[in-house]
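Asker: Encoded as structure tokens, here's the structure I'll be asking about.
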Amino acid sequence: MSLIVQKYGGTSVGSAERVKNVARRVARWKAKGHQLVVVVSAMAGETNRLIALAREVQPHPDPRELDVMVSTGEQVTIALLAMALMDMGVRARSYTGGQLRILTDSAHTKARIVSIDESRIRRDLADDCVVVVAGFQGVNEKGDITTLGRGGSDTTGVALAAALGADECQIYTDVDGVYTTDPRIVPEARRLKTITFEEMLEMASLGSKVLQIRSVELAGKYRVPLRVLSSFEEESEGTLITFEEDQNMEQATISGIAFNRDEAKVTILGVPDRPGIAYQILGPIGDANIDVDMIVQNVSHDGLTDFSFTVNRADYHKTLKLLEPVVKHIKARGVEGGDKIAKVSVVGVGMRSHAGIASSAFRTLAEEGINIEMISTSEIKISIVINEKYMELAVRALHKAFGLEQPT
Ligand code: ADP
Ligand code: ASP
Ligand code: MG
């Protein structure tokens with residue numbers, strides 16, 4: 001008998017029929033003698049609908065109230081799934097994050113889980129119940145409802161699996177695993193049988209939203225066996241997230257291509273090149289809680305340089321505003337920028353031992369006539385910022401150049 005945590009995403013519980021479909025799958029696992037904790041998301045589109053509704057009333061919704069509101073999406077689906085299970089004769093009980101004391105910090109709309117009280121879950125499991133848990137939500141010390149950021153139900157699933165010492169955490173979604181790139185953009189993308197935690201972490205942080213990044217971090221930290229599977233297909237074994245030392249020898253050099261349209265680029269022109277300047281520019285940005293991603297400082301000419309960085313697109317206008325006094329103060333020539341950019345990244349642990357990956361990527365983009373605006377690299381990834389309108393072309397070209405398509 002194993003203890004299994006399953007998480008079903010929005011599309012998988014998008015209608016009454018689909019909730020029943022999930023219940024049938026859960027019932028089958030239960031019938032095999034396993035103990036099950038099932039995390040569900042809100043029905044597809046519901047979280048977006050609630051956020052839009054809030055914005056109609058308050059253009060920048062109060063974060064505490066927004067959490068009260070968006071957490072209702074998951075409260076609907078847990079009850080529906082518990083009812084569907086009962087209707088099949090399976091004992092089930094549903095819980096909100098607050099009821100299970102999924103304790104988080106107070107960072108409303110992007111809270112982090114601090115601890116989980118598993119005693120109630122253990123009692124129900126011992127009572128032969130399937131425990132159904134609302135994803136994406138918790139409560140802070142004061143008992144206020146918090147949410148974990150978009151895609152946060154993945155993190156609820158992994159956190160529960162870690163807390164319970166589950167044998168496996170299964171993430172059921174609308175694709176049957178992690179692909180070499182988003183199959184919606186490149187139909188030739190191939191499902192990966194395995195991917196390392198490190199690569200999955202890069203893919204998730206670089207834009208592949210099949211798993212929320214925090215869920216991957218948690219799974220890596222607590223060594224939770226994590227698998228991505230389809231809730232619509234029976235046969236596929238999905239993708240197992242593995243540790244590098246468990247990988248086989250024929251591991252491909254490149255595992256996947258990630259992309260992200262959520263960034264904007266800012267350049268400060270004619271910056272006097274002297275110690276402390278990067279801090280003077282980026283200090284106020286950090287103080288305003290804005291995350292900076294790529295940073296590039298050009299070689300200086302006549303004591304002046306250009307300084308560029310990227311931020312989340314939602315923070316673009318705020319960043320420009322914050323820089324106005326800075327530019328005056330440091331006597332730079334001005335600021336320019338744009339939010340019509342995209343970041344495309346090539347990811348693979350094999351890069352560590354293979355030279356020439358960067359030059360192959362640059363050649364591929366050159367052949368397509370795509371201009372590179374910024375580059376950043378780490379041991380296992382190369383990220384390139386380009387004009388947004390070439391993003392899909394770049395992803396397809398790189399996917400092909402690195403031989404990632406399905407064998408025909
Ligand atoms: P859920 O609602 O089940 O959480 P998501 O929409 O969050 O589902 O994640 C699944 C989607 O992630 C897929 O439909 C796919 O379009 C997208 N995706 C992006 N990159 C990848 C990738 N590399 N492999 C698989 N799916 C990906
Ligand atoms: N319902 C939330 C969202 O849409 C959480 C999730 O689906 O994981 O972001
Ligand atoms: Mg998701």
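The chains in the structure tokens are called A, B, ... from first to last as shown; in each chain the residues are counted from 1, and the ligands are counted from 1 in the order shown.
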Tell me, as a PyMOL selection string, which residues lie within 12 Å of Gly283 in chain A, counting only C-alpha atoms; anything in the same chain fewer than 4 positions away does not count.

Answerer: chain A and resi 276-279+287-292+319+322-323+326

Asker: Could you please take those selected residues and save N, CA and C atoms as an mmCIF file, in the first residue's frame?

Answerer:
data_model
loop_
_atom_site.group_PDB
_atom_site.id
_atom_site.type_symbol
_atom_site.label_atom_id
_atom_site.label_comp_id
_atom_site.auth_asym_id
_atom_site.auth_seq_id
_atom_site.Cartn_x
_atom_site.Cartn_y
_atom_site.Cartn_z
ATOM 1 N N GLY A 276 29.736 51.826 -7.733
ATOM 2 C CA GLY A 276 28.493 52.107 -7.027
ATOM 3 C C GLY A 276 27.319 52.411 -7.943
ATOM 4 N N ILE A 277 27.582 52.515 -9.250
ATOM 5 C CA ILE A 277 26.528 52.973 -10.137
ATOM 6 C C ILE A 277 25.428 51.915 -10.282
ATOM 7 N N ALA A 278 25.822 50.639 -10.365
ATOM 8 C CA ALA A 278 24.815 49.581 -10.516
ATOM 9 C C ALA A 278 23.894 49.579 -9.301
ATOM 10 N N TYR A 279 24.486 49.810 -8.144
ATOM 11 C CA TYR A 279 23.674 49.832 -6.926
ATOM 12 C C TYR A 279 22.731 51.031 -6.928
ATOM 13 N N ASP A 287 14.239 47.873 -3.700
ATOM 14 C CA ASP A 287 13.480 48.382 -2.547
ATOM 15 C C ASP A 287 11.980 48.381 -2.832
ATOM 16 N N ALA A 288 11.624 48.530 -4.108
ATOM 17 C CA ALA A 288 10.201 48.541 -4.474
ATOM 18 C C ALA A 288 9.682 47.121 -4.701
ATOM 19 N N ASN A 289 10.510 46.121 -4.322
ATOM 20 C CA ASN A 289 10.104 44.723 -4.442
ATOM 21 C C ASN A 289 9.937 44.239 -5.871
ATOM 22 N N ILE A 290 10.661 44.884 -6.792
ATOM 23 C CA ILE A 290 10.578 44.474 -8.199
ATOM 24 C C ILE A 290 11.769 43.560 -8.492
ATOM 25 N N ASP A 291 11.471 42.378 -9.026
ATOM 26 C CA ASP A 291 12.548 41.433 -9.344
ATOM 27 C C ASP A 291 13.219 41.823 -10.648
ATOM 28 N N VAL A 292 14.544 41.851 -10.617
ATOM 29 C CA VAL A 292 15.312 42.115 -11.835
ATOM 30 C C VAL A 292 15.835 40.785 -12.337
ATOM 31 N N THR A 319 8.820 50.689 -13.000
ATOM 32 C CA THR A 319 10.287 50.755 -13.072
ATOM 33 C C THR A 319 10.729 52.052 -13.745
ATOM 34 N N LEU A 322 10.351 54.870 -11.352
ATOM 35 C CA LEU A 322 11.360 54.849 -10.287
ATOM 36 C C LEU A 322 12.715 55.344 -10.788
ATOM 37 N N LEU A 323 12.963 55.154 -12.092
ATOM 38 C CA LEU A 323 14.285 55.511 -12.630
ATOM 39 C C LEU A 323 14.411 57.000 -12.940
ATOM 40 N N VAL A 326 16.533 58.788 -10.512
ATOM 41 C CA VAL A 326 17.869 58.180 -10.499
ATOM 42 C C VAL A 326 18.693 58.710 -11.674
#

Asker: Got a sec: who's within 10 Å of Leu50 in chain A, counting only C-alpha atoms, leaving out chain neighbours fewer than 3 positions off, as an MDAnalysis selection string?

Answerer: chainID A and resid 45:47 53:56 66 69:73

Asker: Could you write out that same residue set with all heavy atoms as a compact mmCIF listing (two decimals), in the first residue's frame?

Answerer:
# COMPACT_ATOMS: atom_id res chain seq x y z
N GLY A 45 -10.48 28.54 -16.08
CA GLY A 45 -11.00 29.88 -16.35
C GLY A 45 -11.58 30.59 -15.14
O GLY A 45 -11.76 31.81 -15.15
N GLU A 46 -11.84 29.84 -14.06
CA GLU A 46 -12.52 30.44 -12.91
C GLU A 46 -11.65 31.48 -12.19
O GLU A 46 -12.14 32.56 -11.82
CB GLU A 46 -12.97 29.33 -11.94
CG GLU A 46 -13.67 29.80 -10.68
CD GLU A 46 -15.00 30.53 -10.93
OE1 GLU A 46 -15.44 30.63 -12.10
OE2 GLU A 46 -15.59 31.01 -9.95
N THR A 47 -10.38 31.17 -11.99
CA THR A 47 -9.51 32.12 -11.29
C THR A 47 -9.38 33.41 -12.10
O THR A 47 -9.47 34.51 -11.54
CB THR A 47 -8.13 31.47 -11.02
OG1 THR A 47 -8.35 30.20 -10.41
CG2 THR A 47 -7.28 32.32 -10.09
N LEU A 53 -13.29 40.10 -12.35
CA LEU A 53 -14.44 40.65 -11.64
C LEU A 53 -13.98 41.62 -10.54
O LEU A 53 -14.52 42.72 -10.40
CB LEU A 53 -15.26 39.49 -11.02
CG LEU A 53 -16.51 39.84 -10.23
CD1 LEU A 53 -17.51 40.59 -11.09
CD2 LEU A 53 -17.14 38.55 -9.68
N ALA A 54 -12.95 41.22 -9.81
CA ALA A 54 -12.42 42.09 -8.75
C ALA A 54 -11.94 43.40 -9.36
O ALA A 54 -12.21 44.48 -8.82
CB ALA A 54 -11.28 41.38 -8.03
N ARG A 55 -11.27 43.31 -10.51
CA ARG A 55 -10.72 44.53 -11.14
C ARG A 55 -11.80 45.47 -11.63
O ARG A 55 -11.56 46.67 -11.76
CB ARG A 55 -9.80 44.14 -12.30
CG ARG A 55 -8.47 43.61 -11.81
CD ARG A 55 -7.46 43.52 -12.94
NE ARG A 55 -6.22 42.95 -12.43
CZ ARG A 55 -5.50 42.05 -13.06
NH1 ARG A 55 -5.87 41.60 -14.26
NH2 ARG A 55 -4.39 41.60 -12.53
N GLU A 56 -12.98 44.91 -11.94
CA GLU A 56 -14.08 45.79 -12.34
C GLU A 56 -14.51 46.69 -11.19
O GLU A 56 -15.02 47.78 -11.38
CB GLU A 56 -15.30 44.94 -12.76
CG GLU A 56 -15.27 44.50 -14.21
CD GLU A 56 -16.52 43.70 -14.54
OE1 GLU A 56 -17.64 44.12 -14.18
OE2 GLU A 56 -16.37 42.63 -15.16
N LEU A 66 -8.57 40.16 -2.40
CA LEU A 66 -8.46 39.34 -3.63
C LEU A 66 -8.27 37.87 -3.26
O LEU A 66 -8.87 36.98 -3.87
CB LEU A 66 -7.29 39.84 -4.49
CG LEU A 66 -7.19 39.22 -5.88
CD1 LEU A 66 -8.42 39.56 -6.72
CD2 LEU A 66 -5.93 39.69 -6.61
N MET A 69 -11.35 36.24 -2.27
CA MET A 69 -12.20 35.98 -3.43
C MET A 69 -11.71 34.81 -4.29
O MET A 69 -12.46 33.88 -4.57
CB MET A 69 -12.22 37.26 -4.26
CG MET A 69 -13.21 37.22 -5.35
SD MET A 69 -13.44 38.90 -5.90
CE MET A 69 -14.31 38.53 -7.38
N VAL A 70 -10.44 34.85 -4.70
CA VAL A 70 -10.00 33.82 -5.66
C VAL A 70 -9.92 32.44 -5.02
O VAL A 70 -10.00 31.43 -5.72
CB VAL A 70 -8.65 34.16 -6.35
CG1 VAL A 70 -8.79 35.38 -7.22
CG2 VAL A 70 -7.53 34.31 -5.36
N SER A 71 -9.79 32.39 -3.69
CA SER A 71 -9.72 31.06 -3.05
C SER A 71 -11.05 30.32 -3.15
O SER A 71 -11.10 29.12 -2.92
CB SER A 71 -9.30 31.21 -1.59
OG SER A 71 -10.28 31.97 -0.90
N THR A 72 -12.12 31.02 -3.52
CA THR A 72 -13.42 30.34 -3.62
C THR A 72 -13.46 29.35 -4.78
O THR A 72 -14.20 28.37 -4.73
CB THR A 72 -14.58 31.33 -3.82
OG1 THR A 72 -14.35 32.06 -5.03
CG2 THR A 72 -14.70 32.29 -2.65
N GLY A 73 -12.65 29.59 -5.81
CA GLY A 73 -12.66 28.69 -6.98
C GLY A 73 -12.38 27.25 -6.57
O GLY A 73 -13.08 26.32 -6.97

Asker: Would you list the residues that come within 9 Å of ligand 1? Count only C-alpha atoms and all ligand atoms and give the answer as a count of residues only.

Answerer: 51

Asker: I want to know what sits within 9 Å of range 131-138 of chain A, based on only C-alpha atoms, with residues of the same chain fewer than 5 positions away left out; could you give that as a VMD selection string?

Answerer: chain A and resid 7 35 to 42 67 71 73 to 79 81 to 82 91 to 104 111 to 113 121 124 to 125 143 to 157

Asker: May I have the residues within 9 Å of Leu80 in chain A as a list in words, using only C-alpha atoms and disregarding those fewer than 5 positions away in the same chain?

Answerer: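 The residues satisfying every condition are Ala16, Val19, Lys20, Gln75 and Leu85 of chain A.
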
Asker: Dump all heavy atoms for the selected residues as a CSV table (one decimal), in the first residue's frame?

Answerer:
chain,number,residue,atom,x,y,z
A,16,ALA,N,-18.7,19.3,-14.8
A,16,ALA,CA,-19.2,18.2,-13.9
A,16,ALA,C,-18.7,16.8,-14.4
A,16,ALA,O,-18.3,16.0,-13.6
A,16,ALA,CB,-20.7,18.3,-13.8
A,19,VAL,N,-15.1,16.3,-13.5
A,19,VAL,CA,-14.9,16.0,-12.1
A,19,VAL,C,-15.3,14.5,-11.9
A,19,VAL,O,-14.5,13.8,-11.2
A,19,VAL,CB,-15.8,16.9,-11.3
A,19,VAL,CG1,-15.8,16.5,-9.8
A,19,VAL,CG2,-15.4,18.4,-11.4
A,20,LYS,N,-16.3,14.0,-12.5
A,20,LYS,CA,-16.7,12.6,-12.4
A,20,LYS,C,-15.6,11.7,-12.9
A,20,LYS,O,-15.3,10.6,-12.4
A,20,LYS,CB,-18.0,12.3,-13.1
A,20,LYS,CG,-19.2,12.9,-12.4
A,20,LYS,CD,-20.4,12.5,-13.1
A,20,LYS,CE,-21.6,13.4,-12.7
A,20,LYS,NZ,-22.8,13.2,-13.5
A,75,GLN,N,-12.7,26.0,-3.6
A,75,GLN,CA,-13.6,25.5,-2.6
A,75,GLN,C,-14.8,24.8,-3.3
A,75,GLN,O,-15.4,23.9,-2.8
A,75,GLN,CB,-14.1,26.7,-1.7
A,75,GLN,CG,-14.9,26.2,-0.5
A,75,GLN,CD,-15.1,27.3,0.5
A,75,GLN,OE1,-14.4,28.3,0.5
A,75,GLN,NE2,-16.1,27.1,1.4
A,85,LEU,N,-17.1,11.3,-5.6
A,85,LEU,CA,-16.5,10.1,-5.0
A,85,LEU,C,-17.6,9.4,-4.1
A,85,LEU,O,-17.7,8.2,-4.3
A,85,LEU,CB,-15.3,10.5,-4.1
A,85,LEU,CG,-14.0,10.8,-4.9
A,85,LEU,CD1,-13.0,11.5,-4.1
A,85,LEU,CD2,-13.4,9.5,-5.6

Asker: May I have all residues of range 204-287 of chain A that DSSP, computed from the backbone, assigns to helix (DSSP H, G or I), given as a list of chain:residue names?

Answerer: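 Matching residues for helix (DSSP H, G or I) in range 204-287 of chain A are A:Ala204, A:Ser205, A:Ile213, A:Arg214, A:Ser215, A:Val216, A:Glu217, A:Leu218, A:Ala219, A:Gly220, A:Lys221, A:Tyr222, A:Glu244, A:Glu245, A:Asp246, A:Ile277, A:Ala278, A:Tyr279, A:Gln280, A:Ile281, A:Leu282, A:Gly283, A:Pro284, A:Ile285, A:Gly286, A:Asp287.
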
Asker: How many Å lie between CA of Leu226 in chain A and CA of Gly238 in chain A, rounded to one decimal?

Answerer: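 If I compute the distance from CA of Leu226 in chain A to CA of Gly238 in chain A, I get 10.4 Å.
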
Asker: Compare A:His60, A:Arg214, A:Lys30, A:Arg120 by their minimum atom-to-atom distance to ligand 3, counting only C-alpha atoms and all ligand atoms, and give me the closest one.

Answerer: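 Among the listed residues, A:Arg214 lies closest to ligand 3.
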